[in-house]
file target-v2.txt (compact mmCIF, C-alpha atoms (C1' of nucleotides))
# COMPACT_ATOMS: atom_id res chain seq x y z
CA MET A 1 26.81 -0.32 6.42
CA ASP A 2 24.44 2.50 7.33
CA ASP A 3 20.73 2.53 6.57
CA SER A 4 20.83 4.71 3.47
CA THR A 5 23.66 2.68 1.96
CA ARG A 6 21.77 -0.50 2.64
CA GLN A 7 18.67 0.99 1.06
CA LYS A 8 20.66 2.01 -2.00
CA TYR A 9 21.98 -1.50 -2.55
CA ASP A 10 18.65 -3.14 -1.72
CA SER A 11 16.77 -1.10 -4.31
CA ARG A 12 19.35 -1.93 -6.95
CA ALA A 13 19.39 -5.58 -5.97
CA ARG A 14 15.61 -5.69 -6.33
CA ILE A 15 15.94 -4.93 -10.03
CA ILE A 16 18.60 -7.57 -10.56
CA LYS A 17 16.65 -10.07 -8.51
CA ALA A 18 13.70 -9.63 -10.85
CA MET A 19 15.86 -11.11 -13.62
CA GLY A 20 17.16 -13.88 -11.36
CA HIS A 21 14.65 -16.53 -12.29
CA GLY A 22 14.71 -18.89 -15.26
CA THR A 23 11.22 -18.11 -16.44
CA ARG A 24 11.61 -14.36 -16.10
CA LEU A 25 14.96 -14.44 -17.86
CA PHE A 26 13.30 -16.33 -20.70
CA LEU A 27 10.52 -13.73 -20.83
CA VAL A 28 13.04 -10.91 -21.08
CA ASP A 29 14.91 -12.75 -23.82
CA GLU A 30 11.70 -13.30 -25.75
CA LEU A 31 10.62 -9.68 -25.33
CA SER A 32 13.97 -8.57 -26.72
CA ARG A 33 12.59 -9.70 -30.07
CA GLY A 34 9.55 -7.46 -29.77
CA GLU A 35 6.36 -7.00 -27.80
CA ARG A 36 4.28 -10.05 -26.94
CA CYS A 37 0.89 -10.50 -25.39
CA VAL A 38 0.51 -12.60 -22.25
CA CYS A 39 -1.17 -15.45 -24.08
CA GLU A 40 1.76 -15.76 -26.52
CA LEU A 41 4.19 -15.80 -23.62
CA GLN A 42 2.10 -18.30 -21.73
CA GLU A 43 2.16 -20.58 -24.76
CA LEU A 44 5.96 -20.34 -24.96
CA VAL A 45 6.60 -20.81 -21.25
CA GLY A 46 4.07 -23.58 -20.86
CA ALA A 47 3.04 -22.70 -17.31
CA ASP A 48 -0.29 -21.59 -15.93
CA MET A 49 -1.46 -18.22 -17.24
CA SER A 50 -1.59 -16.88 -13.69
CA THR A 51 2.00 -17.92 -13.10
CA VAL A 52 3.20 -16.10 -16.22
CA SER A 53 1.14 -13.06 -15.30
CA LYS A 54 2.76 -12.94 -11.87
CA HIS A 55 6.26 -13.22 -13.33
CA LEU A 56 5.44 -10.35 -15.69
CA ALA A 57 4.19 -8.34 -12.73
CA VAL A 58 7.54 -8.83 -10.99
CA LEU A 59 9.37 -7.56 -14.07
CA ARG A 60 6.96 -4.64 -14.41
CA GLU A 61 7.27 -3.62 -10.78
CA ALA A 62 11.03 -3.68 -11.15
CA GLY A 63 10.73 -1.31 -14.11
CA ILE A 64 12.17 -3.75 -16.61
CA VAL A 65 9.10 -4.16 -18.81
CA LYS A 66 6.04 -2.08 -19.54
CA ASP A 67 2.54 -3.24 -20.37
CA GLU A 68 -0.05 -1.82 -22.71
CA LYS A 69 -3.61 -2.93 -22.90
CA ARG A 70 -5.10 -3.08 -26.38
CA GLY A 71 -8.53 -4.63 -26.75
CA ASN A 72 -8.73 -7.43 -24.28
CA GLN A 73 -5.08 -8.31 -24.60
CA VAL A 74 -2.10 -6.96 -22.69
CA PHE A 75 1.14 -6.49 -24.57
CA TYR A 76 4.45 -6.46 -22.77
CA SER A 77 7.70 -5.00 -24.01
CA LEU A 78 11.15 -4.15 -22.66
CA ARG A 79 11.37 -0.73 -21.11
CA CYS A 80 15.14 -0.87 -20.71
CA PRO A 81 16.79 -2.97 -23.41
CA CYS A 82 20.11 -2.54 -21.61
CA VAL A 83 19.13 -5.54 -19.50
CA LEU A 84 20.16 -7.60 -22.50
CA ASN A 85 23.75 -6.75 -21.57
CA PHE A 86 23.29 -9.14 -18.68
CA PHE A 87 23.25 -12.06 -21.06
CA ALA A 88 26.71 -11.39 -22.48
CA CYS A 89 28.18 -11.07 -19.01
CA VAL A 90 26.51 -14.22 -17.80
CA GLU A 91 27.91 -16.10 -20.78
CA SER A 92 31.33 -14.81 -19.90
CA VAL A 93 31.01 -15.93 -16.27
CA MET A 94 29.97 -19.38 -17.46
CA GLN A 95 32.82 -19.46 -19.94
CA THR A 96 35.32 -18.57 -17.25
CA SER A 97 33.94 -21.29 -14.97
CA ALA A 98 34.02 -23.87 -17.74
CA THR A 99 37.56 -22.96 -18.73
CA GLN A 100 38.73 -23.17 -15.15
CA ALA A 101 37.06 -26.56 -14.71
CA VAL A 102 38.94 -27.90 -17.71
CA GLU A 103 42.23 -26.51 -16.42
CA LEU A 104 41.71 -28.03 -13.00
CA ALA A 105 41.00 -31.38 -14.61
CA ARG A 106 44.41 -31.38 -16.32
CA MET B 1 9.52 -24.60 -22.92
CA ASP B 2 11.38 -27.90 -23.12
CA ASP B 3 13.72 -29.26 -20.48
CA SER B 4 17.00 -28.22 -22.06
CA THR B 5 15.75 -24.70 -22.70
CA ARG B 6 14.57 -24.44 -19.13
CA GLN B 7 17.91 -25.70 -17.92
CA LYS B 8 19.71 -23.12 -20.04
CA TYR B 9 17.73 -20.24 -18.58
CA ASP B 10 17.88 -21.63 -15.05
CA SER B 11 21.65 -21.86 -15.08
CA ARG B 12 21.93 -18.30 -16.37
CA ALA B 13 19.37 -17.06 -13.87
CA ARG B 14 21.37 -18.63 -11.07
CA ILE B 15 24.29 -16.33 -11.81
CA ILE B 16 22.10 -13.24 -11.94
CA LYS B 17 20.28 -14.31 -8.82
CA ALA B 18 23.58 -14.41 -6.95
CA MET B 19 23.84 -10.65 -7.50
CA GLY B 20 20.22 -10.09 -6.55
CA HIS B 21 20.73 -9.31 -2.89
CA GLY B 22 21.67 -6.00 -1.31
CA THR B 23 24.57 -7.34 0.70
CA ARG B 24 26.01 -9.36 -2.17
CA LEU B 25 25.68 -6.43 -4.53
CA PHE B 26 27.57 -4.34 -2.01
CA LEU B 27 30.27 -7.00 -1.78
CA VAL B 28 30.68 -7.05 -5.56
CA ASP B 29 30.88 -3.27 -5.62
CA GLU B 30 33.50 -3.27 -2.90
CA LEU B 31 35.52 -6.01 -4.61
CA SER B 32 35.51 -3.97 -7.80
CA ARG B 33 38.03 -1.77 -6.00
CA GLY B 34 40.35 -4.68 -5.34
CA GLU B 35 40.65 -7.85 -3.34
CA ARG B 36 39.48 -7.88 0.26
CA CYS B 37 39.71 -10.42 3.04
CA VAL B 38 36.55 -11.66 4.73
CA CYS B 39 37.24 -9.74 7.91
CA GLU B 40 37.50 -6.45 6.02
CA LEU B 41 34.22 -7.18 4.26
CA GLN B 42 32.57 -8.19 7.49
CA GLU B 43 33.61 -4.89 9.03
CA LEU B 44 32.11 -2.98 6.11
CA VAL B 45 28.87 -4.94 5.95
CA GLY B 46 28.38 -5.01 9.69
CA ALA B 47 26.74 -8.43 9.80
CA ASP B 48 27.84 -11.63 11.45
CA MET B 49 31.02 -13.11 9.98
CA SER B 50 29.14 -16.28 9.14
CA THR B 51 26.52 -14.32 7.23
CA VAL B 52 29.15 -12.57 5.15
CA SER B 53 30.96 -15.83 4.57
CA LYS B 54 27.78 -17.43 3.27
CA HIS B 55 27.08 -14.55 0.93
CA LEU B 56 30.60 -14.84 -0.42
CA ALA B 57 30.04 -18.55 -0.91
CA VAL B 58 26.96 -17.81 -3.03
CA LEU B 59 28.99 -15.46 -5.22
CA ARG B 60 31.82 -17.97 -5.44
CA GLU B 61 29.54 -20.84 -6.39
CA ALA B 62 28.03 -18.67 -9.10
CA GLY B 63 31.52 -18.06 -10.48
CA ILE B 64 31.43 -14.33 -9.85
CA VAL B 65 34.26 -14.14 -7.32
CA LYS B 66 37.27 -16.25 -6.51
CA ASP B 67 38.93 -16.85 -3.18
CA GLU B 68 42.53 -17.29 -2.25
CA LYS B 69 43.77 -18.35 1.11
CA ARG B 70 46.93 -16.63 2.34
CA GLY B 71 48.01 -17.26 5.90
CA ASN B 72 44.90 -17.56 7.97
CA GLN B 73 42.98 -15.06 5.88
CA VAL B 74 40.90 -15.61 2.76
CA PHE B 75 41.00 -12.96 0.09
CA TYR B 76 38.16 -12.55 -2.34
CA SER B 77 38.27 -10.83 -5.71
CA LEU B 78 36.11 -10.49 -8.80
CA ARG B 79 36.59 -13.25 -11.32
CA CYS B 80 34.47 -11.55 -13.98
CA PRO B 81 34.61 -7.76 -13.72
CA CYS B 82 31.95 -7.57 -16.43
CA VAL B 83 29.37 -7.92 -13.67
CA LEU B 84 30.05 -4.24 -12.99
CA ASN B 85 28.10 -3.53 -16.19
CA PHE B 86 25.02 -4.50 -14.22
CA PHE B 87 25.32 -1.35 -12.17
CA ALA B 88 25.05 1.01 -15.13
CA CYS B 89 21.99 -0.80 -16.46
CA VAL B 90 20.31 -0.83 -13.08
CA GLU B 91 20.87 2.91 -12.79
CA SER B 92 19.28 3.35 -16.17
CA VAL B 93 16.24 1.27 -15.17
CA MET B 94 15.86 3.38 -12.04
CA GLN B 95 16.29 6.55 -14.04
CA THR B 96 13.58 5.50 -16.48
CA SER B 97 11.23 4.67 -13.62
CA ALA B 98 11.91 7.97 -11.91
CA THR B 99 11.41 9.96 -15.11
CA GLN B 100 8.16 8.18 -15.81
CA ALA B 101 6.93 8.83 -12.27
CA VAL B 102 7.57 12.55 -12.71
CA GLU B 103 5.77 12.57 -16.06
CA LEU B 104 2.78 10.77 -14.64
CA ALA B 105 2.58 13.29 -11.83
CA ARG B 106 2.25 16.15 -14.29
C1' DT C 1 51.40 -28.39 22.43
C1' DG C 2 48.14 -24.64 23.60
C1' DG C 3 45.99 -20.55 22.57
C1' DC C 4 44.78 -17.09 19.24
C1' DT C 5 42.59 -15.27 15.01
C1' DA C 6 40.12 -16.04 10.59
C1' DA C 7 36.80 -18.41 8.28
C1' DT C 8 33.47 -22.02 7.29
C1' DT C 9 29.79 -25.17 8.40
C1' DG C 10 25.58 -26.96 10.77
C1' DG C 11 21.33 -25.97 12.46
C1' DC C 12 17.38 -23.41 13.39
C1' DA C 13 13.29 -19.97 13.02
C1' DA C 14 11.39 -16.38 10.34
C1' DT C 15 10.49 -14.65 5.95
C1' DT C 16 9.97 -14.80 1.06
C1' DT C 17 9.06 -16.98 -3.25
C1' DA C 18 6.88 -20.11 -6.72
C1' DG C 19 3.18 -22.23 -8.93
C1' DC C 20 -1.22 -24.02 -9.05
C1' DC C 21 -6.41 -23.53 -8.74
C1' DA C 22 -10.42 -20.78 -8.24
C1' DA C 23 -12.53 -16.44 -8.44
C1' DA C 24 -12.80 -11.75 -10.07
C1' DT C 25 -12.19 -8.15 -13.65
C1' DA C 26 -12.45 -6.13 -18.22
C1' DG C 27 -13.08 -5.75 -23.10
C1' DA C 28 -15.39 -7.69 -27.34
C1' DT C 29 -19.16 -9.34 -29.62
C1' DA C 30 -23.52 -11.65 -30.53
C1' DT D 1 -27.76 -8.28 -21.77
C1' DA D 2 -25.34 -12.67 -21.87
C1' DT D 3 -21.29 -14.75 -23.04
C1' DC D 4 -16.69 -15.47 -24.45
C1' DT D 5 -11.72 -14.57 -24.16
C1' DA D 6 -7.69 -12.49 -21.90
C1' DT D 7 -5.71 -11.24 -17.79
C1' DT D 8 -5.16 -10.38 -12.92
C1' DT D 9 -5.83 -11.31 -8.08
C1' DG D 10 -6.56 -14.10 -3.83
C1' DG D 11 -5.39 -17.96 -1.39
C1' DC D 12 -2.97 -21.89 -0.38
C1' DT D 13 1.07 -25.14 0.20
C1' DA D 14 5.73 -26.44 -0.72
C1' DA D 15 10.26 -24.99 -1.24
C1' DA D 16 14.00 -21.75 -0.91
C1' DT D 17 16.40 -17.94 1.34
C1' DT D 18 18.21 -15.18 5.11
C1' DG D 19 20.66 -14.29 9.28
C1' DC D 20 21.91 -15.46 13.68
C1' DC D 21 24.33 -18.54 17.14
C1' DA D 22 27.20 -22.40 18.18
C1' DA D 23 30.54 -25.58 16.81
C1' DT D 24 34.27 -26.83 13.81
C1' DT D 25 38.33 -26.22 10.90
C1' DA D 26 42.78 -24.24 9.74
C1' DG D 27 46.86 -21.46 10.03
C1' DC D 28 50.00 -18.82 13.06
C1' DC D 29 52.95 -18.11 16.89
C1' DA D 30 54.57 -18.32 21.70
call {"tool": "encode", "arguments": {"input": "target-v2.txt", "output": "structure tokens"}}
result
Amino acid sequence: MDDSTRQKYDSRARIIKAMGHGTRLFLVDELSRGERCVCELQELVGADMSTVSKHLAVLREAGIVKDEKRGNQVFYSLRCPCVLNFFACVESVMQTSATQAVELAR
Amino acid sequence: MDDSTRQKYDSRARIIKAMGHGTRLFLVDELSRGERCVCELQELVGADMSTVSKHLAVLREAGIVKDEKRGNQVFYSLRCPCVLNFFACVESVMQTSATQAVELAR
DNA sequence: TGGCTAATTGGCAATTTAGCCAAATAGATA
DNA sequence: TATCTATTTGGCTAAATTGCCAATTAGCCA
């Protein structure tokens, strides 16, 4: 694999990787229902504010969410709702695995 | 976030995370064109055979690919072709980022 | 059996990531 | 201005990931 090909796949993987964490996946799911400020998300996640902020930064740097400061709050929202398609596919992968497990058990 | 919710998102994230690596994304893309044996993939990737084998194991454990031994070769193929939908979404995220960058520059 | 090829596994060092606390920044408001 | 709230950043440690080499496993064939 040459350098430019590697770079192409690495940059795409970076975006997917940003979703590859339980907390960040939860954040994306929550944001699919509308914009939320960091303090709301922190409440829902139940981790340190700084931890949530850093997860949001990862999603922002990947281009998945955008932030907007209003007053002294920062509101996050999905910039590319197509990421929600990931959920359906993931369910289907899990379904396939579960089905296969049952078949193997027979 | 309670334990079972966390578990739900973690298990889903694990599948996405498996795709979140340049080499593994390349492998998935290549397998979308049909089954390949490890040695073919190793040739294409250009890394150590053991490295490629481990990446394939990550994809297999996530339920994204399946393996089939024939003779002394192991053939891998996509178990859930829906993962290819990821590519279109990733392109769209990159497109949005690029467009925004151009707008900001103006 | 012995040797060959294909693939996986074990083990290691280097790098990256995650999550917490403390400190800094920024807007609102008294 | 002083203070309060919301958020980000810096710094640290623990844990996970990556990729290579070496060793092992497994099938094929002479």
call {"tool": "closest_residue", "arguments": {"input": "target-v2.txt", "among": "A:Asp10, A:Asp29, A:Glu91, A:Glu40", "to": "A:Phe75", "atoms": "all atoms listed in the file"}}
result
A:Glu40
call {"tool": "closest_atom_pairs", "arguments": {"input": "target-v2.txt", "of": "chain C", "to": "chain A", "cutoff": "9 Å", "atoms": "only C-alpha atoms (C1' of nucleotides)", "output": "tab-separated table"}}
result
residue	atom	partner	partner_atom	distance
C:DA18	C1'	A:Thr51	CA	8.3
C:DG19	C1'	A:Thr51	CA	6.1
C:DC20	C1'	A:Asp48	CA	7.4
C:DA26	C1'	A:Asn72	CA	7.2
C:DG27	C1'	A:Asn72	CA	4.8
C:DA28	C1'	A:Asn72	CA	7.3
call {"tool": "calpha_fit_and_write", "arguments": {"input": "target-v2.txt", "fixed": "chain B", "moving": "chain A", "output": "PDB file with C-alpha atoms, in the frame of the given file"}}
result
ATOM      1  CA  MET A   1       9.535 -24.610 -22.943  1.00  0.00           C
ATOM      2  CA  ASP A   2      11.400 -27.907 -23.160  1.00  0.00           C
ATOM      3  CA  ASP A   3      13.707 -29.261 -20.479  1.00  0.00           C
ATOM      4  CA  SER A   4      17.007 -28.230 -22.035  1.00  0.00           C
ATOM      5  CA  THR A   5      15.760 -24.706 -22.692  1.00  0.00           C
ATOM      6  CA  ARG A   6      14.557 -24.446 -19.138  1.00  0.00           C
ATOM      7  CA  GLN A   7      17.907 -25.699 -17.900  1.00  0.00           C
ATOM      8  CA  LYS A   8      19.710 -23.138 -20.034  1.00  0.00           C
ATOM      9  CA  TYR A   9      17.730 -20.250 -18.582  1.00  0.00           C
ATOM     10  CA  ASP A  10      17.866 -21.626 -15.038  1.00  0.00           C
ATOM     11  CA  SER A  11      21.654 -21.864 -15.060  1.00  0.00           C
ATOM     12  CA  ARG A  12      21.947 -18.321 -16.355  1.00  0.00           C
ATOM     13  CA  ALA A  13      19.385 -17.052 -13.883  1.00  0.00           C
ATOM     14  CA  ARG A  14      21.365 -18.641 -11.057  1.00  0.00           C
ATOM     15  CA  ILE A  15      24.281 -16.336 -11.802  1.00  0.00           C
ATOM     16  CA  ILE A  16      22.095 -13.248 -11.922  1.00  0.00           C
ATOM     17  CA  LYS A  17      20.265 -14.317  -8.797  1.00  0.00           C
ATOM     18  CA  ALA A  18      23.571 -14.420  -6.944  1.00  0.00           C
ATOM     19  CA  MET A  19      23.829 -10.656  -7.486  1.00  0.00           C
ATOM     20  CA  GLY A  20      20.187 -10.098  -6.540  1.00  0.00           C
ATOM     21  CA  HIS A  21      20.712  -9.322  -2.892  1.00  0.00           C
ATOM     22  CA  GLY A  22      21.659  -6.010  -1.302  1.00  0.00           C
ATOM     23  CA  THR A  23      24.545  -7.360   0.705  1.00  0.00           C
ATOM     24  CA  ARG A  24      25.996  -9.372  -2.154  1.00  0.00           C
ATOM     25  CA  LEU A  25      25.664  -6.443  -4.527  1.00  0.00           C
ATOM     26  CA  PHE A  26      27.559  -4.330  -2.010  1.00  0.00           C
ATOM     27  CA  LEU A  27      30.262  -7.003  -1.773  1.00  0.00           C
ATOM     28  CA  VAL A  28      30.676  -7.053  -5.540  1.00  0.00           C
ATOM     29  CA  ASP A  29      30.868  -3.266  -5.625  1.00  0.00           C
ATOM     30  CA  GLU A  30      33.501  -3.260  -2.905  1.00  0.00           C
ATOM     31  CA  LEU A  31      35.517  -5.996  -4.606  1.00  0.00           C
ATOM     32  CA  SER A  32      35.513  -3.947  -7.798  1.00  0.00           C
ATOM     33  CA  ARG A  33      38.029  -1.743  -6.004  1.00  0.00           C
ATOM     34  CA  GLY A  34      40.360  -4.653  -5.332  1.00  0.00           C
ATOM     35  CA  GLU A  35      40.655  -7.847  -3.337  1.00  0.00           C
ATOM     36  CA  ARG A  36      39.476  -7.873   0.265  1.00  0.00           C
ATOM     37  CA  CYS A  37      39.713 -10.400   3.033  1.00  0.00           C
ATOM     38  CA  VAL A  38      36.555 -11.640   4.737  1.00  0.00           C
ATOM     39  CA  CYS A  39      37.244  -9.725   7.923  1.00  0.00           C
ATOM     40  CA  GLU A  40      37.489  -6.418   6.016  1.00  0.00           C
ATOM     41  CA  LEU A  41      34.221  -7.170   4.263  1.00  0.00           C
ATOM     42  CA  GLN A  42      32.573  -8.199   7.491  1.00  0.00           C
ATOM     43  CA  GLU A  43      33.604  -4.888   9.026  1.00  0.00           C
ATOM     44  CA  LEU A  44      32.088  -2.972   6.098  1.00  0.00           C
ATOM     45  CA  VAL A  45      28.855  -4.951   5.939  1.00  0.00           C
ATOM     46  CA  GLY A  46      28.369  -5.028   9.679  1.00  0.00           C
ATOM     47  CA  ALA A  47      26.712  -8.445   9.808  1.00  0.00           C
ATOM     48  CA  ASP A  48      27.827 -11.647  11.462  1.00  0.00           C
ATOM     49  CA  MET A  49      31.018 -13.108  10.005  1.00  0.00           C
ATOM     50  CA  SER A  50      29.171 -16.317   9.164  1.00  0.00           C
ATOM     51  CA  THR A  51      26.536 -14.375   7.265  1.00  0.00           C
ATOM     52  CA  VAL A  52      29.155 -12.589   5.157  1.00  0.00           C
ATOM     53  CA  SER A  53      30.976 -15.854   4.564  1.00  0.00           C
ATOM     54  CA  LYS A  54      27.783 -17.461   3.288  1.00  0.00           C
ATOM     55  CA  HIS A  55      27.063 -14.556   0.942  1.00  0.00           C
ATOM     56  CA  LEU A  56      30.602 -14.858  -0.422  1.00  0.00           C
ATOM     57  CA  ALA A  57      30.045 -18.576  -0.905  1.00  0.00           C
ATOM     58  CA  VAL A  58      26.963 -17.833  -3.013  1.00  0.00           C
ATOM     59  CA  LEU A  59      28.980 -15.470  -5.202  1.00  0.00           C
ATOM     60  CA  ARG A  60      31.822 -17.982  -5.452  1.00  0.00           C
ATOM     61  CA  GLU A  61      29.549 -20.856  -6.394  1.00  0.00           C
ATOM     62  CA  ALA A  62      28.025 -18.686  -9.085  1.00  0.00           C
ATOM     63  CA  GLY A  63      31.506 -18.052 -10.481  1.00  0.00           C
ATOM     64  CA  ILE A  64      31.425 -14.329  -9.842  1.00  0.00           C
ATOM     65  CA  VAL A  65      34.258 -14.141  -7.318  1.00  0.00           C
ATOM     66  CA  LYS A  66      37.267 -16.269  -6.518  1.00  0.00           C
ATOM     67  CA  ASP A  67      38.930 -16.843  -3.173  1.00  0.00           C
ATOM     68  CA  GLU A  68      42.558 -17.282  -2.254  1.00  0.00           C
ATOM     69  CA  LYS A  69      43.809 -18.352   1.098  1.00  0.00           C
ATOM     70  CA  ARG A  70      46.963 -16.630   2.299  1.00  0.00           C
ATOM     71  CA  GLY A  71      48.063 -17.279   5.859  1.00  0.00           C
ATOM     72  CA  ASN A  72      44.957 -17.601   7.916  1.00  0.00           C
ATOM     73  CA  GLN A  73      43.037 -15.088   5.867  1.00  0.00           C
ATOM     74  CA  VAL A  74      40.928 -15.617   2.765  1.00  0.00           C
ATOM     75  CA  PHE A  75      41.011 -12.949   0.095  1.00  0.00           C
ATOM     76  CA  TYR A  76      38.165 -12.542  -2.341  1.00  0.00           C
ATOM     77  CA  SER A  77      38.274 -10.830  -5.701  1.00  0.00           C
ATOM     78  CA  LEU A  78      36.101 -10.476  -8.799  1.00  0.00           C
ATOM     79  CA  ARG A  79      36.586 -13.231 -11.313  1.00  0.00           C
ATOM     80  CA  CYS A  80      34.457 -11.542 -13.961  1.00  0.00           C
ATOM     81  CA  PRO A  81      34.593  -7.755 -13.707  1.00  0.00           C
ATOM     82  CA  CYS A  82      31.943  -7.553 -16.424  1.00  0.00           C
ATOM     83  CA  VAL A  83      29.364  -7.913 -13.662  1.00  0.00           C
ATOM     84  CA  LEU A  84      30.029  -4.252 -12.983  1.00  0.00           C
ATOM     85  CA  ASN A  85      28.095  -3.539 -16.182  1.00  0.00           C
ATOM     86  CA  PHE A  86      25.011  -4.495 -14.219  1.00  0.00           C
ATOM     87  CA  PHE A  87      25.296  -1.344 -12.175  1.00  0.00           C
ATOM     88  CA  ALA A  88      25.041   1.013 -15.145  1.00  0.00           C
ATOM     89  CA  CYS A  89      21.990  -0.801 -16.449  1.00  0.00           C
ATOM     90  CA  VAL A  90      20.314  -0.810 -13.078  1.00  0.00           C
ATOM     91  CA  GLU A  91      20.881   2.927 -12.792  1.00  0.00           C
ATOM     92  CA  SER A  92      19.284   3.358 -16.168  1.00  0.00           C
ATOM     93  CA  VAL A  93      16.233   1.295 -15.183  1.00  0.00           C
ATOM     94  CA  MET A  94      15.856   3.408 -12.053  1.00  0.00           C
ATOM     95  CA  GLN A  95      16.282   6.581 -14.060  1.00  0.00           C
ATOM     96  CA  THR A  96      13.600   5.519 -16.500  1.00  0.00           C
ATOM     97  CA  SER A  97      11.226   4.694 -13.640  1.00  0.00           C
ATOM     98  CA  ALA A  98      11.908   7.995 -11.915  1.00  0.00           C
ATOM     99  CA  THR A  99      11.424   9.969 -15.109  1.00  0.00           C
ATOM    100  CA  GLN A 100       8.168   8.208 -15.832  1.00  0.00           C
ATOM    101  CA  ALA A 101       6.931   8.854 -12.292  1.00  0.00           C
ATOM    102  CA  VAL A 102       7.558  12.562 -12.726  1.00  0.00           C
ATOM    103  CA  GLU A 103       5.774  12.594 -16.079  1.00  0.00           C
ATOM    104  CA  LEU A 104       2.770  10.785 -14.672  1.00  0.00           C
ATOM    105  CA  ALA A 105       2.593  13.299 -11.849  1.00  0.00           C
ATOM    106  CA  ARG A 106       2.237  16.182 -14.321  1.00  0.00           C
TER     107      ARG A 106
END
call {"tool": "interface_residues", "arguments": {"input": "target-v2.txt", "of": "chain B", "to": "chain A", "cutoff": "9 Å", "atoms": "only C-alpha atoms", "output": "PDB file with C-alpha atoms, in the coordinates of the input"}}
result
ATOM      1  CA  MET B   1       9.520 -24.600 -22.920  1.00  0.00           C
ATOM      2  CA  ASP B   2      11.380 -27.900 -23.120  1.00  0.00           C
ATOM      3  CA  THR B   5      15.750 -24.700 -22.700  1.00  0.00           C
ATOM      4  CA  ARG B   6      14.570 -24.440 -19.130  1.00  0.00           C
ATOM      5  CA  GLN B   7      17.910 -25.700 -17.920  1.00  0.00           C
ATOM      6  CA  LYS B   8      19.710 -23.120 -20.040  1.00  0.00           C
ATOM      7  CA  TYR B   9      17.730 -20.240 -18.580  1.00  0.00           C
ATOM      8  CA  ASP B  10      17.880 -21.630 -15.050  1.00  0.00           C
ATOM      9  CA  SER B  11      21.650 -21.860 -15.080  1.00  0.00           C
ATOM     10  CA  ARG B  12      21.930 -18.300 -16.370  1.00  0.00           C
ATOM     11  CA  ALA B  13      19.370 -17.060 -13.870  1.00  0.00           C
ATOM     12  CA  ARG B  14      21.370 -18.630 -11.070  1.00  0.00           C
ATOM     13  CA  ILE B  15      24.290 -16.330 -11.810  1.00  0.00           C
ATOM     14  CA  ILE B  16      22.100 -13.240 -11.940  1.00  0.00           C
ATOM     15  CA  LYS B  17      20.280 -14.310  -8.820  1.00  0.00           C
ATOM     16  CA  ALA B  18      23.580 -14.410  -6.950  1.00  0.00           C
ATOM     17  CA  MET B  19      23.840 -10.650  -7.500  1.00  0.00           C
ATOM     18  CA  GLY B  20      20.220 -10.090  -6.550  1.00  0.00           C
ATOM     19  CA  HIS B  21      20.730  -9.310  -2.890  1.00  0.00           C
ATOM     20  CA  GLY B  22      21.670  -6.000  -1.310  1.00  0.00           C
ATOM     21  CA  THR B  23      24.570  -7.340   0.700  1.00  0.00           C
ATOM     22  CA  ARG B  24      26.010  -9.360  -2.170  1.00  0.00           C
ATOM     23  CA  LEU B  25      25.680  -6.430  -4.530  1.00  0.00           C
ATOM     24  CA  PHE B  26      27.570  -4.340  -2.010  1.00  0.00           C
ATOM     25  CA  GLU B  43      33.610  -4.890   9.030  1.00  0.00           C
ATOM     26  CA  LEU B  44      32.110  -2.980   6.110  1.00  0.00           C
ATOM     27  CA  VAL B  45      28.870  -4.940   5.950  1.00  0.00           C
ATOM     28  CA  GLY B  46      28.380  -5.010   9.690  1.00  0.00           C
ATOM     29  CA  ALA B  47      26.740  -8.430   9.800  1.00  0.00           C
ATOM     30  CA  ALA B  62      28.030 -18.670  -9.100  1.00  0.00           C
ATOM     31  CA  GLY B  63      31.520 -18.060 -10.480  1.00  0.00           C
ATOM     32  CA  ILE B  64      31.430 -14.330  -9.850  1.00  0.00           C
ATOM     33  CA  ARG B  79      36.590 -13.250 -11.320  1.00  0.00           C
ATOM     34  CA  CYS B  80      34.470 -11.550 -13.980  1.00  0.00           C
ATOM     35  CA  PRO B  81      34.610  -7.760 -13.720  1.00  0.00           C
ATOM     36  CA  CYS B  82      31.950  -7.570 -16.430  1.00  0.00           C
ATOM     37  CA  VAL B  83      29.370  -7.920 -13.670  1.00  0.00           C
ATOM     38  CA  ASN B  85      28.100  -3.530 -16.190  1.00  0.00           C
ATOM     39  CA  PHE B  86      25.020  -4.500 -14.220  1.00  0.00           C
ATOM     40  CA  PHE B  87      25.320  -1.350 -12.170  1.00  0.00           C
ATOM     41  CA  ALA B  88      25.050   1.010 -15.130  1.00  0.00           C
ATOM     42  CA  CYS B  89      21.990  -0.800 -16.460  1.00  0.00           C
ATOM     43  CA  VAL B  90      20.310  -0.830 -13.080  1.00  0.00           C
ATOM     44  CA  GLU B  91      20.870   2.910 -12.790  1.00  0.00           C
ATOM     45  CA  SER B  92      19.280   3.350 -16.170  1.00  0.00           C
ATOM     46  CA  VAL B  93      16.240   1.270 -15.170  1.00  0.00           C
ATOM     47  CA  MET B  94      15.860   3.380 -12.040  1.00  0.00           C
ATOM     48  CA  THR B  96      13.580   5.500 -16.480  1.00  0.00           C
ATOM     49  CA  SER B  97      11.230   4.670 -13.620  1.00  0.00           C
TER      50      SER B  97
END
call {"tool": "residues_around", "arguments": {"input": "target-v2.txt", "residues": "stretch 15-17 of chain C", "least_positions_apart": "2", "cutoff": "9 Å", "atoms": "only C-alpha atoms (C1' of nucleotides)", "output": "mmCIF file with C-alpha atoms (C1' of nucleotides), keeping the file's coordinate frame"}}
result
data_model
loop_
_atom_site.group_PDB
_atom_site.id
_atom_site.type_symbol
_atom_site.label_atom_id
_atom_site.label_comp_id
_atom_site.auth_asym_id
_atom_site.auth_seq_id
_atom_site.Cartn_x
_atom_site.Cartn_y
_atom_site.Cartn_z
ATOM 1 C "C1'" DA D 15 10.260 -24.990 -1.240
ATOM 2 C "C1'" DA D 16 14.000 -21.750 -0.910
ATOM 3 C "C1'" DT D 17 16.400 -17.940 1.340
ATOM 4 C "C1'" DT D 18 18.210 -15.180 5.110
#
